[in-house]
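Remarks on the structure that follows.
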Amino acid sequence: MTEKTALTPATHTTPPAKFSHGVKKGNLLQVAGQVGFLPAVEGQAPTPAGPTLREQTLQTLANVKATLEEGGASWDDAMMIRVYLTDVAHFAEMNEIYNAYFEEQGLKEAPAARTTVYVGLPQGLLIEIDALAVLS
């Protein structure tokens, strides 16, 4: 049986509850929902990248990427990306940011994706993204 390994990149804070930023088992890597917090600073509370959807989306994608890399994966290994927005009015802007980001990343094939509106994020956070990757 393959061992399960919890992942917490150095840039991330320790989760406030019993969960991991990512988990790898065999060739599967699940990245937990990431938000737009800036890299962790010892002794400081997590800080959002900024108030705008653009700032938070780019930081959230960076946080997902850091967790993928911690597990030995890349965006090209991502099979599914789920995006949760707090406002339906943000769909078009998020799609523009998302498309430009992955074009810059040189993504070979787009993963499956789903975007939904979810209003349960902490105050001030506009987006959450998780990902499932399969390593070769």
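Chain labels A, B, ... are given in the sequence in which chains occur in the structure tokens; within each chain residues are numbered consecutively from 1, and ligands are likewise numbered from 1 in the order shown.
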Need to verify the contact set: range 75-82 of chain A, 9 Å, only C-alpha atoms, exclusion of same-chain residues closer than 2 positions in sequence. Can you return it as JSON, numbers by chain?
{"A": [29, 33, 65, 68, 69, 73, 84, 102, 105, 107, 108, 109, 110, 111, 112, 113, 114, 115, 116, 128, 129, 130, 131, 132, 133, 134, 135, 136]}
Using DSSP assignments from the backbone, pull out every residue in chain A that falls under helix (DSSP H, G or I) and give it to me as a PyMOL selection string.
chain A and resi 53-70+75-77+88-105
Select from chain A everything DSSP, run on the backbone, classes as strand (DSSP E or B), then give the selection as a ChimeraX atom specification.
/A:4-7,22-25,28-34,37,48,78-85,112-117,127-134
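From CA of His21 in chain A back to CA of Gly36 in chain A, the distance works out to 13.3 Å.
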Contacts of Gln56 in chain A within 7 Å, only C-alpha atoms, excl. fewer than 5 positions in-chain, as a PDB file with N, CA, C and O atoms, in the first residue's frame:
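In the end it all went to part-v8.pdb:
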ATOM      1  N   GLY A  36      -5.781  33.624  -1.566  1.00  0.00           N
ATOM      2  CA  GLY A  36      -4.767  34.586  -1.962  1.00  0.00           C
ATOM      3  C   GLY A  36      -3.953  35.182  -0.840  1.00  0.00           C
ATOM      4  O   GLY A  36      -3.712  36.388  -0.821  1.00  0.00           O
ATOM      5  N   PRO A  48      -3.994  38.779   3.028  1.00  0.00           N
ATOM      6  CA  PRO A  48      -4.407  38.698   1.622  1.00  0.00           C
ATOM      7  C   PRO A  48      -3.469  39.513   0.731  1.00  0.00           C
ATOM      8  O   PRO A  48      -2.910  40.533   1.153  1.00  0.00           O
ATOM      9  N   ALA A  49      -3.289  39.053  -0.511  1.00  0.00           N
ATOM     10  CA  ALA A  49      -2.414  39.727  -1.472  1.00  0.00           C
ATOM     11  C   ALA A  49      -2.889  41.142  -1.784  1.00  0.00           C
ATOM     12  O   ALA A  49      -2.101  41.981  -2.195  1.00  0.00           O
ATOM     13  N   GLY A  50      -4.132  41.406  -1.600  1.00  0.00           N
ATOM     14  CA  GLY A  50      -4.707  42.721  -1.864  1.00  0.00           C
ATOM     15  C   GLY A  50      -6.211  42.606  -1.916  1.00  0.00           C
ATOM     16  O   GLY A  50      -6.763  41.507  -1.829  1.00  0.00           O
ATOM     17  N   ILE A 127     -11.637  34.534  -3.719  1.00  0.00           N
ATOM     18  CA  ILE A 127     -11.449  33.362  -4.569  1.00  0.00           C
ATOM     19  C   ILE A 127     -10.716  32.264  -3.799  1.00  0.00           C
ATOM     20  O   ILE A 127      -9.880  32.546  -2.935  1.00  0.00           O
TER      21      ILE A 127
END
Tell me which of A:Gly22, A:Thr11, A:Asn63, A:Pro16 sits closest to Val41 in chain A, counting only C-alpha atoms.
A:Thr11
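You can rank A:Asn95, A:Thr86, A:Thr14, A:Gln59 by their closest distance to Val117 in chain A using only C-alpha atoms, and at the top of that list sits A:Thr86.
Within 10 Å of Leu126 in chain A, once only C-alpha atoms are used and residues closer than 5 positions along the same chain are dropped, the contacting residues are Val35, Gly36, Pro48, Pro51, Thr52, Leu53, Arg54, Glu55, Gln56, Thr57, Tyr84, Leu85, Thr86, Asp87, His90, Val117, Tyr118, Val119, Gly120 and Leu121 of chain A.
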Limited to N, CA and C atoms, could you put the picked residues into a file as an mmCIF file, in the first residue's frame?
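Dumped to out-v7.cif:
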data_model
loop_
_atom_site.group_PDB
_atom_site.id
_atom_site.type_symbol
_atom_site.label_atom_id
_atom_site.label_comp_id
_atom_site.auth_asym_id
_atom_site.auth_seq_id
_atom_site.Cartn_x
_atom_site.Cartn_y
_atom_site.Cartn_z
ATOM 1 N N VAL A 35 -6.169 30.053 -1.001
ATOM 2 C CA VAL A 35 -6.671 31.411 -1.154
ATOM 3 C C VAL A 35 -5.496 32.344 -1.408
ATOM 4 N N GLY A 36 -5.781 33.624 -1.566
ATOM 5 C CA GLY A 36 -4.767 34.586 -1.962
ATOM 6 C C GLY A 36 -3.953 35.182 -0.840
ATOM 7 N N PRO A 48 -3.994 38.779 3.028
ATOM 8 C CA PRO A 48 -4.407 38.698 1.622
ATOM 9 C C PRO A 48 -3.469 39.513 0.731
ATOM 10 N N PRO A 51 -6.864 43.719 -2.104
ATOM 11 C CA PRO A 51 -8.331 43.699 -2.104
ATOM 12 C C PRO A 51 -8.954 43.316 -3.443
ATOM 13 N N THR A 52 -8.152 43.301 -4.530
ATOM 14 C CA THR A 52 -8.749 43.084 -5.848
ATOM 15 C C THR A 52 -8.772 41.611 -6.234
ATOM 16 N N LEU A 53 -9.683 41.279 -7.116
ATOM 17 C CA LEU A 53 -9.765 39.915 -7.628
ATOM 18 C C LEU A 53 -8.469 39.533 -8.336
ATOM 19 N N ARG A 54 -7.885 40.432 -9.104
ATOM 20 C CA ARG A 54 -6.635 40.149 -9.820
ATOM 21 C C ARG A 54 -5.519 39.776 -8.850
ATOM 22 N N GLU A 55 -5.309 40.592 -7.831
ATOM 23 C CA GLU A 55 -4.244 40.322 -6.863
ATOM 24 C C GLU A 55 -4.458 38.975 -6.179
ATOM 25 N N GLN A 56 -5.682 38.737 -5.740
ATOM 26 C CA GLN A 56 -5.968 37.499 -5.025
ATOM 27 C C GLN A 56 -5.910 36.275 -5.937
ATOM 28 N N THR A 57 -6.369 36.403 -7.179
ATOM 29 C CA THR A 57 -6.337 35.265 -8.105
ATOM 30 C C THR A 57 -4.898 34.874 -8.426
ATOM 31 N N TYR A 84 -13.582 28.670 -6.834
ATOM 32 C CA TYR A 84 -14.737 29.119 -6.063
ATOM 33 C C TYR A 84 -14.655 30.636 -5.945
ATOM 34 N N LEU A 85 -15.661 31.313 -6.441
ATOM 35 C CA LEU A 85 -15.736 32.775 -6.371
ATOM 36 C C LEU A 85 -16.807 33.176 -5.357
ATOM 37 N N THR A 86 -16.652 34.357 -4.772
ATOM 38 C CA THR A 86 -17.658 34.833 -3.817
ATOM 39 C C THR A 86 -18.694 35.728 -4.471
ATOM 40 N N ASP A 87 -18.494 36.031 -5.762
ATOM 41 C CA ASP A 87 -19.407 36.949 -6.447
ATOM 42 C C ASP A 87 -19.547 36.517 -7.913
ATOM 43 N N HIS A 90 -17.778 38.228 -10.836
ATOM 44 C CA HIS A 90 -16.334 38.091 -11.049
ATOM 45 C C HIS A 90 -15.958 37.038 -12.100
ATOM 46 N N VAL A 117 -19.901 29.693 -7.540
ATOM 47 C CA VAL A 117 -19.972 30.781 -6.570
ATOM 48 C C VAL A 117 -20.198 30.160 -5.200
ATOM 49 N N TYR A 118 -19.367 30.589 -4.270
ATOM 50 C CA TYR A 118 -19.391 30.072 -2.916
ATOM 51 C C TYR A 118 -19.215 31.258 -1.981
ATOM 52 N N VAL A 119 -20.111 31.456 -1.070
ATOM 53 C CA VAL A 119 -20.059 32.665 -0.241
ATOM 54 C C VAL A 119 -19.479 32.425 1.145
ATOM 55 N N GLY A 120 -18.888 31.258 1.399
ATOM 56 C CA GLY A 120 -18.414 30.931 2.730
ATOM 57 C C GLY A 120 -16.961 31.241 3.019
ATOM 58 N N LEU A 121 -16.277 32.000 2.176
ATOM 59 C CA LEU A 121 -14.876 32.330 2.446
ATOM 60 C C LEU A 121 -14.781 33.394 3.540
#
